[in-house]
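**Student:** Let me begin by handing over the structure; questions about it come next.
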Amino acid sequence: MLQLTVEIGIFFSQLFATILVDVPNWRILFGLSGAISLIQLIWLPFMPESPKYLVMKGRIEEGAKALKFLRPNCNITKEFDNLLESCSAANDSRHSNHADSSTTDSERFADSNSESNVSIADKHKKLKAVSIHSVSVSNRPTSIGLLNIVKGETPDVIWHMLFCTMFLMGFQQWTGAKGIVFYSTEILVKVFNLSEAQLRKTPNEAQWMTIGLAAAGIAAVFASMNLIDRLGRRRLLLISTSGVSLSCVLIVVGRTCNVAPLAVAAMFLFKLAYGLGMAPIPWLAASEMLPYYALGTLSGIASALNWMMIFIIGLVFPLLAKALDNYLFLPFAALNFSAFLVVFLFVPETKGRHISEILHLHGKRLHVVCSLSRWRRNKHQDHGFQETDESL
């Protein structure tokens, strides 16, 4: 959902920029950004605390209320049960004696939409015996600082999952996607060889194509939302990185051979391939790969790394464009192919897996998670809970 809102924002910014391109109308764009930020600032105090944070602190009743607020008119039973399990599973793996779970999931949390007389307080009592010990009273910390993580002072070995998370968040911007977002119109002007008279016409051909690229980004993220739980995160990342790498090569071929339709089609293919995997999935990586006690610290660092890469690529891209001209996307083709290899060798599948299982399989130093022979053997199988350690 985060990436979808980003793509929608890019689309409308490109659309309004086409309309408000002349002086002094471009200043209105900055005013619109400020207005949106002001609305967010006013609305934020009315938002509840994260349900997961509340559950980790043992505030089960408040967590249920917060989740219900975020899911109006929805049955939150299954989601809340999964939330409890995800928060307590890592603790149970080492402190199974703390959890005396004789009750079933349905007993722990009744249907939140039913008209029954069971109150939140009653549900809290049922949940408390199962969750408080594994979430709050456990010897495992509810949060841990960066210095402890760097020193390796964590209950689990998380180096492999930390590498995967930081790689995905850091590399996301080195796909070349932000270069297309920032400089697509300039690139397309060269592709179409537009004259000064054509450039003075607003909107021109290059600007329409830029708006179309933004729309393709929205369509790709929608497709990813429908495919991510069918194909899995890992497979979509492999499709995305290979597709983006191929697109970069085709853009270079189209520009060097002066085949404008090929270059434009390749740019659209780039946006579609990027939106399928490398756009949304890195933002999921931290929450699905890291234990809850390190999630707050490391997700913040991962986000900062991502924004730092946006800043760097924004500075470097114009220099590369000037130096490489028609071969601009050749380095990005190589980088994306390298990313394909890293994902293939090191990034595990997290679909349908609890953090306890991920820690059990990959709670170790950096290691290869899939060999070519194993991939051939398992490519038609569902990578579920029955899978054993994939490492070589």
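Please note that chains go A, B, ... in the order of the structure tokens, that every chain numbers its residues from 1, and that ligands are numbered from 1 in the order shown.
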What's around A:Thr350 at 8 Å? Count only C-alpha atoms, leave out sequence neighbours fewer than 4 positions away in its own chain, and write the answer as a list in words.
**Tutor:**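 After dropping sequence-adjacent residues, the list is Gly232, Arg233, Arg234, Glu288, Met289 and Ile358 of chain A.
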**Student:** What does the structure give for the distance between atom CA of A:Leu328 and atom CA of A:Ile239, in Å to one decimal?
**Tutor:**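 That distance, rounded to one decimal, is 22.4 Å.
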**Student:** From the DSSP assignment of the backbone, select every residue of stretch 110-296 of chain A that is alpha helix (DSSP H), and format the answer as a PyMOL selection string.
**Tutor:** chain A and resi 120-132+146-150+159-171+177-192+196-200+205-231+233-256+260-276+282-289+292-296
**Student:** Which value, in Å to one decimal, gives the distance between atom CA of A:Leu4 and atom CA of A:Val221?
**Tutor:**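 Atom CA of A:Val221 lies at a distance of 6.0 Å from atom CA of A:Leu4.
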**Student:** I'd like to know which of A:Ser13, A:Thr297, A:Thr185, A:Ser50 is closest to A:Glu205, using only C-alpha atoms.
**Tutor:**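 Using only C-alpha atoms, the shortest distance to A:Glu205 belongs to A:Thr185.
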**Student:** With only C-alpha atoms as the counted atoms, please give the residues lying no more than 12 Å from stretch 21-37 of chain A, apart from itself and same-chain residues fewer than 4 positions off, as a JSON list (two decimals) with N, CA and C atoms, in the first residue's frame.
**Tutor:**
```json
[["chain", "number", "residue", "atom", "x", "y", "z"],
["A", 9, "GLY", "N", 1.06, 9.33, -6.10],
["A", 9, "GLY", "CA", 1.60, 10.67, -5.92],
["A", 9, "GLY", "C", 2.46, 11.10, -7.10],
["A", 10, "ILE", "N", 3.29, 10.17, -7.60],
["A", 10, "ILE", "CA", 4.12, 10.48, -8.77],
["A", 10, "ILE", "C", 3.25, 10.81, -9.98],
["A", 12, "PHE", "N", 0.13, 12.02, -10.12],
["A", 12, "PHE", "CA", -0.53, 13.33, -10.03],
["A", 12, "PHE", "C", 0.49, 14.47, -10.08],
["A", 13, "SER", "N", 1.67, 14.26, -9.53],
["A", 13, "SER", "CA", 2.69, 15.31, -9.61],
["A", 13, "SER", "C", 3.12, 15.53, -11.05],
["A", 14, "GLN", "N", 3.26, 14.44, -11.83],
["A", 14, "GLN", "CA", 3.60, 14.57, -13.25],
["A", 14, "GLN", "C", 2.47, 15.25, -14.01],
["A", 15, "LEU", "N", 1.24, 14.90, -13.67],
["A", 15, "LEU", "CA", 0.09, 15.49, -14.36],
["A", 15, "LEU", "C", -0.02, 16.98, -14.07],
["A", 16, "PHE", "N", 0.08, 17.36, -12.80],
["A", 16, "PHE", "CA", -0.02, 18.77, -12.43],
["A", 16, "PHE", "C", 1.18, 19.57, -12.94],
["A", 17, "ALA", "N", 2.35, 18.92, -12.97],
["A", 17, "ALA", "CA", 3.53, 19.61, -13.48],
["A", 17, "ALA", "C", 3.37, 19.97, -14.95],
["A", 41, "LEU", "N", -0.50, 16.26, 9.25],
["A", 41, "LEU", "CA", -0.13, 16.71, 10.59],
["A", 41, "LEU", "C", -1.36, 16.86, 11.49],
["A", 42, "ILE", "N", -2.45, 17.35, 10.92],
["A", 42, "ILE", "CA", -3.68, 17.52, 11.70],
["A", 42, "ILE", "C", -4.31, 16.17, 12.02],
["A", 43, "TRP", "N", -4.24, 15.22, 11.10],
["A", 43, "TRP", "CA", -4.90, 13.92, 11.25],
["A", 43, "TRP", "C", -4.12, 12.97, 12.14],
["A", 44, "LEU", "N", -2.80, 13.10, 12.18],
["A", 44, "LEU", "CA", -1.95, 12.14, 12.87],
["A", 44, "LEU", "C", -2.29, 11.94, 14.34],
["A", 199, "LEU", "N", 8.92, 21.65, -28.19],
["A", 199, "LEU", "CA", 9.08, 21.72, -26.75],
["A", 199, "LEU", "C", 8.25, 22.84, -26.14],
["A", 200, "ARG", "N", 8.03, 23.92, -26.91],
["A", 200, "ARG", "CA", 7.23, 25.03, -26.40],
["A", 200, "ARG", "C", 5.75, 24.68, -26.31],
["A", 201, "LYS", "N", 5.36, 23.63, -27.02],
["A", 201, "LYS", "CA", 3.97, 23.18, -26.95],
["A", 201, "LYS", "C", 3.78, 22.33, -25.69],
["A", 202, "THR", "N", 2.79, 22.70, -24.90],
["A", 202, "THR", "CA", 2.52, 21.99, -23.65],
["A", 202, "THR", "C", 1.07, 21.51, -23.61],
["A", 203, "PRO", "N", 0.84, 20.21, -23.35],
["A", 203, "PRO", "CA", 1.85, 19.15, -23.16],
["A", 203, "PRO", "C", 2.35, 18.62, -24.50],
["A", 204, "ASN", "N", 3.60, 18.27, -24.53],
["A", 204, "ASN", "CA", 4.18, 17.70, -25.75],
["A", 204, "ASN", "C", 4.25, 16.18, -25.64],
["A", 207, "GLN", "N", 6.07, 14.70, -22.61],
["A", 207, "GLN", "CA", 5.33, 14.86, -21.36],
["A", 207, "GLN", "C", 4.18, 13.86, -21.25]]
```
**Student:** Contacts of stretch 161-172 of chain A at 9 Å or less, counting only C-alpha atoms, minus same-chain residues fewer than 2 places along, as a ChimeraX atom specification?
**Tutor:** /A:157-159,174-177,278-279,281-286,289-290,298-299,301-303,305-309,335-336,339,342-343,346-348,358-359,362-366
**Student:** How about saving the chosen residues, C-alpha atoms kept, as an mmCIF file, in the first residue's frame?
**Tutor:**
```cif
data_model
loop_
_atom_site.group_PDB
_atom_site.id
_atom_site.type_symbol
_atom_site.label_atom_id
_atom_site.label_comp_id
_atom_site.auth_asym_id
_atom_site.auth_seq_id
_atom_site.Cartn_x
_atom_site.Cartn_y
_atom_site.Cartn_z
ATOM 1 C CA VAL A 157 21.828 -14.437 15.048
ATOM 2 C CA ILE A 158 20.233 -12.002 12.602
ATOM 3 C CA TRP A 159 23.156 -11.115 10.332
ATOM 4 C CA TRP A 174 20.085 1.793 -7.843
ATOM 5 C CA THR A 175 17.727 0.011 -10.213
ATOM 6 C CA GLY A 176 17.573 3.301 -12.122
ATOM 7 C CA ALA A 177 13.882 3.817 -11.376
ATOM 8 C CA MET A 278 11.663 -4.065 -6.462
ATOM 9 C CA ALA A 279 9.252 -1.202 -5.802
ATOM 10 C CA ILE A 281 8.762 -5.710 -1.645
ATOM 11 C CA PRO A 282 11.798 -4.019 -0.022
ATOM 12 C CA TRP A 283 9.379 -2.095 2.200
ATOM 13 C CA LEU A 284 8.040 -5.448 3.462
ATOM 14 C CA ALA A 285 11.460 -6.939 4.078
ATOM 15 C CA ALA A 286 12.114 -5.578 7.561
ATOM 16 C CA MET A 289 12.599 -10.890 8.087
ATOM 17 C CA LEU A 290 13.567 -9.259 11.383
ATOM 18 C CA LEU A 298 16.600 -1.576 11.917
ATOM 19 C CA SER A 299 13.512 -0.552 9.943
ATOM 20 C CA ILE A 301 17.920 2.595 9.576
ATOM 21 C CA ALA A 302 16.731 0.814 6.432
ATOM 22 C CA SER A 303 14.381 3.693 5.603
ATOM 23 C CA LEU A 305 19.458 4.172 3.900
ATOM 24 C CA ASN A 306 16.782 4.180 1.205
ATOM 25 C CA TRP A 307 16.367 7.952 1.333
ATOM 26 C CA MET A 308 20.130 8.459 1.324
ATOM 27 C CA MET A 309 20.344 6.388 -1.866
ATOM 28 C CA LEU A 335 23.633 -3.557 -11.428
ATOM 29 C CA ASN A 336 20.207 -5.147 -11.789
ATOM 30 C CA ALA A 339 20.889 -7.841 -7.845
ATOM 31 C CA VAL A 342 22.130 -11.690 -4.906
ATOM 32 C CA VAL A 343 18.381 -12.352 -4.582
ATOM 33 C CA PHE A 346 20.783 -15.063 -0.504
ATOM 34 C CA VAL A 347 17.199 -13.792 -0.182
ATOM 35 C CA PRO A 348 14.835 -16.431 1.286
ATOM 36 C CA ILE A 358 12.684 -17.754 9.489
ATOM 37 C CA LEU A 359 15.002 -17.407 12.475
ATOM 38 C CA HIS A 362 18.353 -18.489 8.622
ATOM 39 C CA GLY A 363 19.421 -17.405 12.102
ATOM 40 C CA LYS A 364 23.089 -17.658 11.200
ATOM 41 C CA ARG A 365 25.851 -15.811 9.380
ATOM 42 C CA LEU A 366 25.502 -14.926 5.697
#
```
